[in-house]
Amino acid sequence: MASILTPPREAVDREVAAAISGGGRDARGLAFQTLLLMAMLMALGVLVWLLYSVIDGAVPVFSERSLGDFLSGRLSGSPTRFGVAQGIVGSFWILVFVAVFSFPLGVASAIYLEEYASDNWFSRGVSVLVRNLAGVPAVVYGLLGLFLFKGLLGSLTGGSSLISAGLTMAILVLPVVIITSAEAIRAVPQPLREGGYGLGATRWEVIRTQVLPYAAPGILTGTVLSFARALGEAAPLLIIGTATGLLTSSGGSVMETLRGKYTAMPMLVYVATKRPAEKWLPLASAAALVLLVVLLVANTAAILARNHFEKRRS
Amino acid sequence: MTPPALTVDDLAGDVRRVRRERWVRRCFTVAASSTILVTFAIVATLAVQAGAFLLDVEPSSLWADGWFPREGKFGLPTLFVGSFYITLIAIVVAGPIGLAAAVYLSEYARPRVRRTLKPILEILAGIPSVIVGFFTLNFISPQLVQRIFSGAERGNLVAAGVGVGVLIIPLIASISEDALRSVPSSLREASTGLGARKSTTVIKVVLPAALSGIVAAFIVAVSRALGETLVVTLAAGAAGGAELNLNPTGAGLTMTAAMANLATGSDQVTGVGNAVKSLYLVGALLFLFTLGLNLVADRFVRRFRQAY
């Protein structure tokens with residue numbers, strides 16, 4: 001019986017001796033680690049390849065035409081005149097919608113979820129919905145915009161207009177703002193709140209004077225990241241519709257601009273990529289580069305700021 | 001001189017403060033219900049419009065060979081096959097790379113290396129899908145995919161799948177890394193104390209302990225790949241319609257690309273009356289698929305949070 005369950009004594013001794021001596025270098029472990037490192041480098045390599053391709057592709061545009069010419073040019077069917085000015089304006093307006101609607105609404109929802117909500121059906125429901133909304137594909141938000149803002153409210157919004165696009169994007173970004181703000185608020189240490197209550201402050205006074213100032217860097221970082229998302233997202237715009245061929249600027253009041261046709265930075269990349277590559281590849285690259293530079297600056301600033309504040313606190 | 005006795009009114013606090021407090025609370029509650037409104041709007045839009053389309057359309061046309069909405073052929077299998085290929089290829093590309101990068105960052109990288117590498121991954125995550133789509137069509141497809149598969153077209157499913165894979169690498173890496181780092185170090189120490197090598201500890205102790213989080217990362221990635229639109233619209237090859245195509249090196253159409261093409265074409269072509277409405281049906285299906293996946297992923301995430 002015992003001979004079946006326990007190996008012979010000498011075999012155990014040999015195994016133990018081998019294990020203790022280690023048998024030289026750990027080749028398998030080293031191979032494993034190299035494999036992991038290679039995967040990591042591959043991910044970085046893709047990033048480098050992408051950035052290099054975009055920059056390399058864009059060089060002809062900036063060498064043959066000046067940077068200012070490309071930045072001030074308008075949507076056009078001619079590769080020598082195509083520029084991104086209208087895309088920059090459109091993207092700017094979309095960001096205005098996001099800032100006006102998503103930011104206050106998102107931060108307020110986050111404050112409710114973290115500071116006010118008791119454990120009841122309403123707050124549990126809201127937090128489940130928020131998490132699921134964040135996972136809904138962007139195209140589906142486009143369908144909502146298509147039906148609601150272009151269809152039902154078309155007479156108010158002007159159809160495929162900046163209002164429709166901006167509101168749709170604001171809805172798309174809202175769950176992201178809520179989640180990141182809620183995380184920042186959750187990270188505020190409890191004693192800070194208790195100190196406030198102990199001094200007789202009401203809940204709102206504690207939130208205003210203790211919680212929000214402490215959570216502000218986190219909230220702002222999250223907001224910048226969600227703005228970047230809105231800036232680069234094209235799927236809902238594709239569904240709602242943008243100008244693709246020519247876009248004459250309305251030149252009228254702000255309201256006319258908002259109700260008029262528009263285009264946005266990611267849509268210009270899309271439009272230029274869709275056209276024949278022989279002539280349009282440099283323009284698509286250049287448009288992509290402009291978008292990338294804006295996004296990378298915003299993202300990097302946000303990430304560095306977050307790391308800075310995290311380090312200072314810990 | 002005795003001080004005046006305290007009354008209940010004195011403890012009730014300033015009426016103005018109490019009233020303001022009530023108002024603030026009400027405002028925040030209203031703000032939070034905006035998410036309910038949005039969810040309701042999405043579900044209602046999809047349900048009503050997809051329902052209207054289903055009542056209008058002949059059921060057999062939903063199983064036609066090919067997706068040609070303007071000719072009244074709404075072959076959903078065509079789109080399912082395309083979406084399935086894209087998702088599969090994306091996971092095959094991004095799964096190993098993302099997971100390995102996560103293991104490296106969490107178990108091997110020194111803190112300083114980690115602090116430099118992680119933001120770079122986050123930058124990759126921040127690159128918009130339209131740029132990845134541009135990159136896929138003009139670089140990944142000709143320089144990688146067409147070299148390996150000589151018969152591949154310029155826009156093909158493999159290239160688009162690889163492109164989507166590039167997009168989801170950071171997603172898999174960051175969720176998996178969270179899961180790996182939440183494994184308590186006592187488990188690693190116990191394993192090392194028993195004489196296990198580092199690689200043995202990682203493979204036999206840390207990875208199994210983080211399994212539910214890693215599974216969640218993969219499910220979220222599948223959901224994201226299913227919903228990815230721009231890369232597929234630009235790089236999968238097919239425009240307005242597509243035959244049922246089982247060859248991944250050929251052009252194909254996914255659910256998302258079909259919606260994008262239908263919507264961008266709708267201004268020029270009025271076409272068959274209900275053709276445009278079909279995109280709500282596809283959207284509703286996509287919504288249900290991704291919602292189901294996200295709910296399952298949520299389960300897994302909660303499990304690894306609970307375990308430790």
# chains A, B, ... in the order shown; residues from 1 in each chain; ligands from 1
$ interface_residues --of "chain B" --to "chain A" --cutoff "6 Å" --atoms "only C-alpha atoms" --output "PyMOL selection string"
chain B and resi 28+31-32+42+97+100-101+104+128+199+227+260+263+283
$ write_last_selection --atoms "C-alpha atoms" --output "mmCIF file, in the first residue's frame"
data_model
loop_
_atom_site.group_PDB
_atom_site.id
_atom_site.type_symbol
_atom_site.label_atom_id
_atom_site.label_comp_id
_atom_site.auth_asym_id
_atom_site.auth_seq_id
_atom_site.Cartn_x
_atom_site.Cartn_y
_atom_site.Cartn_z
ATOM 1 C CA PHE B 28 -28.482 65.555 -7.816
ATOM 2 C CA ALA B 31 -29.225 64.477 -12.620
ATOM 3 C CA ALA B 32 -28.735 60.839 -11.755
ATOM 4 C CA ILE B 42 -32.040 53.817 -26.532
ATOM 5 C CA ILE B 97 -0.234 39.996 -26.634
ATOM 6 C CA ALA B 100 1.416 38.670 -21.854
ATOM 7 C CA ALA B 101 1.901 42.414 -21.588
ATOM 8 C CA TYR B 104 4.933 41.360 -17.695
ATOM 9 C CA PRO B 128 -9.208 56.904 -32.259
ATOM 10 C CA SER B 199 7.681 31.411 -13.735
ATOM 11 C CA GLY B 227 -19.218 46.986 -31.675
ATOM 12 C CA ALA B 260 -22.542 52.591 -41.243
ATOM 13 C CA ALA B 263 -26.649 55.325 -43.015
ATOM 14 C CA GLY B 283 -28.508 47.805 -34.071
#
$ residues_around --residues "Glu189 of chain B" --least-positions-apart "6" --cutoff "10 Å" --atoms "only C-alpha atoms" --output "JSON, numbers by chain"
{"B": [195, 196, 201]}
$ closest_residue --among "B:Thr256, B:Thr290, B:Thr200, B:Ser182" --to "Arg303 of chain B" --atoms "only C-alpha atoms"
B:Ser182
$ select_by_dssp --residues "segment 117-187 of chain B" --states "helix (DSSP H, G or I)" --output "number ranges by chain"
B: 117-125, 129-148, 157-181, 185-187
$ residues_around --residues "Ala297 of chain B" --least-positions-apart "3" --cutoff "9 Å" --atoms "only C-alpha atoms" --output "VMD selection string"
chain B and resid 212 to 213 215 to 220 292 to 294 300 to 302
$ write_last_selection --atoms "C-alpha atoms" --output "mmCIF file, in the first residue's frame"
data_model
loop_
_atom_site.group_PDB
_atom_site.id
_atom_site.type_symbol
_atom_site.label_atom_id
_atom_site.label_comp_id
_atom_site.auth_asym_id
_atom_site.auth_seq_id
_atom_site.Cartn_x
_atom_site.Cartn_y
_atom_site.Cartn_z
ATOM 1 C CA SER B 212 -12.078 35.337 -13.431
ATOM 2 C CA GLY B 213 -10.703 38.826 -14.043
ATOM 3 C CA VAL B 215 -11.986 35.996 -18.449
ATOM 4 C CA ALA B 216 -13.824 39.270 -17.845
ATOM 5 C CA ALA B 217 -11.138 41.121 -19.828
ATOM 6 C CA PHE B 218 -11.609 38.790 -22.779
ATOM 7 C CA ILE B 219 -15.397 39.067 -22.675
ATOM 8 C CA VAL B 220 -15.242 42.872 -22.589
ATOM 9 C CA GLY B 292 -25.338 40.188 -22.690
ATOM 10 C CA LEU B 293 -21.536 40.010 -22.883
ATOM 11 C CA ASN B 294 -21.103 43.010 -20.584
ATOM 12 C CA PHE B 300 -16.771 37.703 -13.446
ATOM 13 C CA VAL B 301 -15.360 41.025 -12.278
ATOM 14 C CA ARG B 302 -17.488 40.923 -9.151
#
$ atom_distance --atom1 "atom CA of Val84 of chain A" --atom2 "atom CA of Val290 of chain A"
8.6 Å
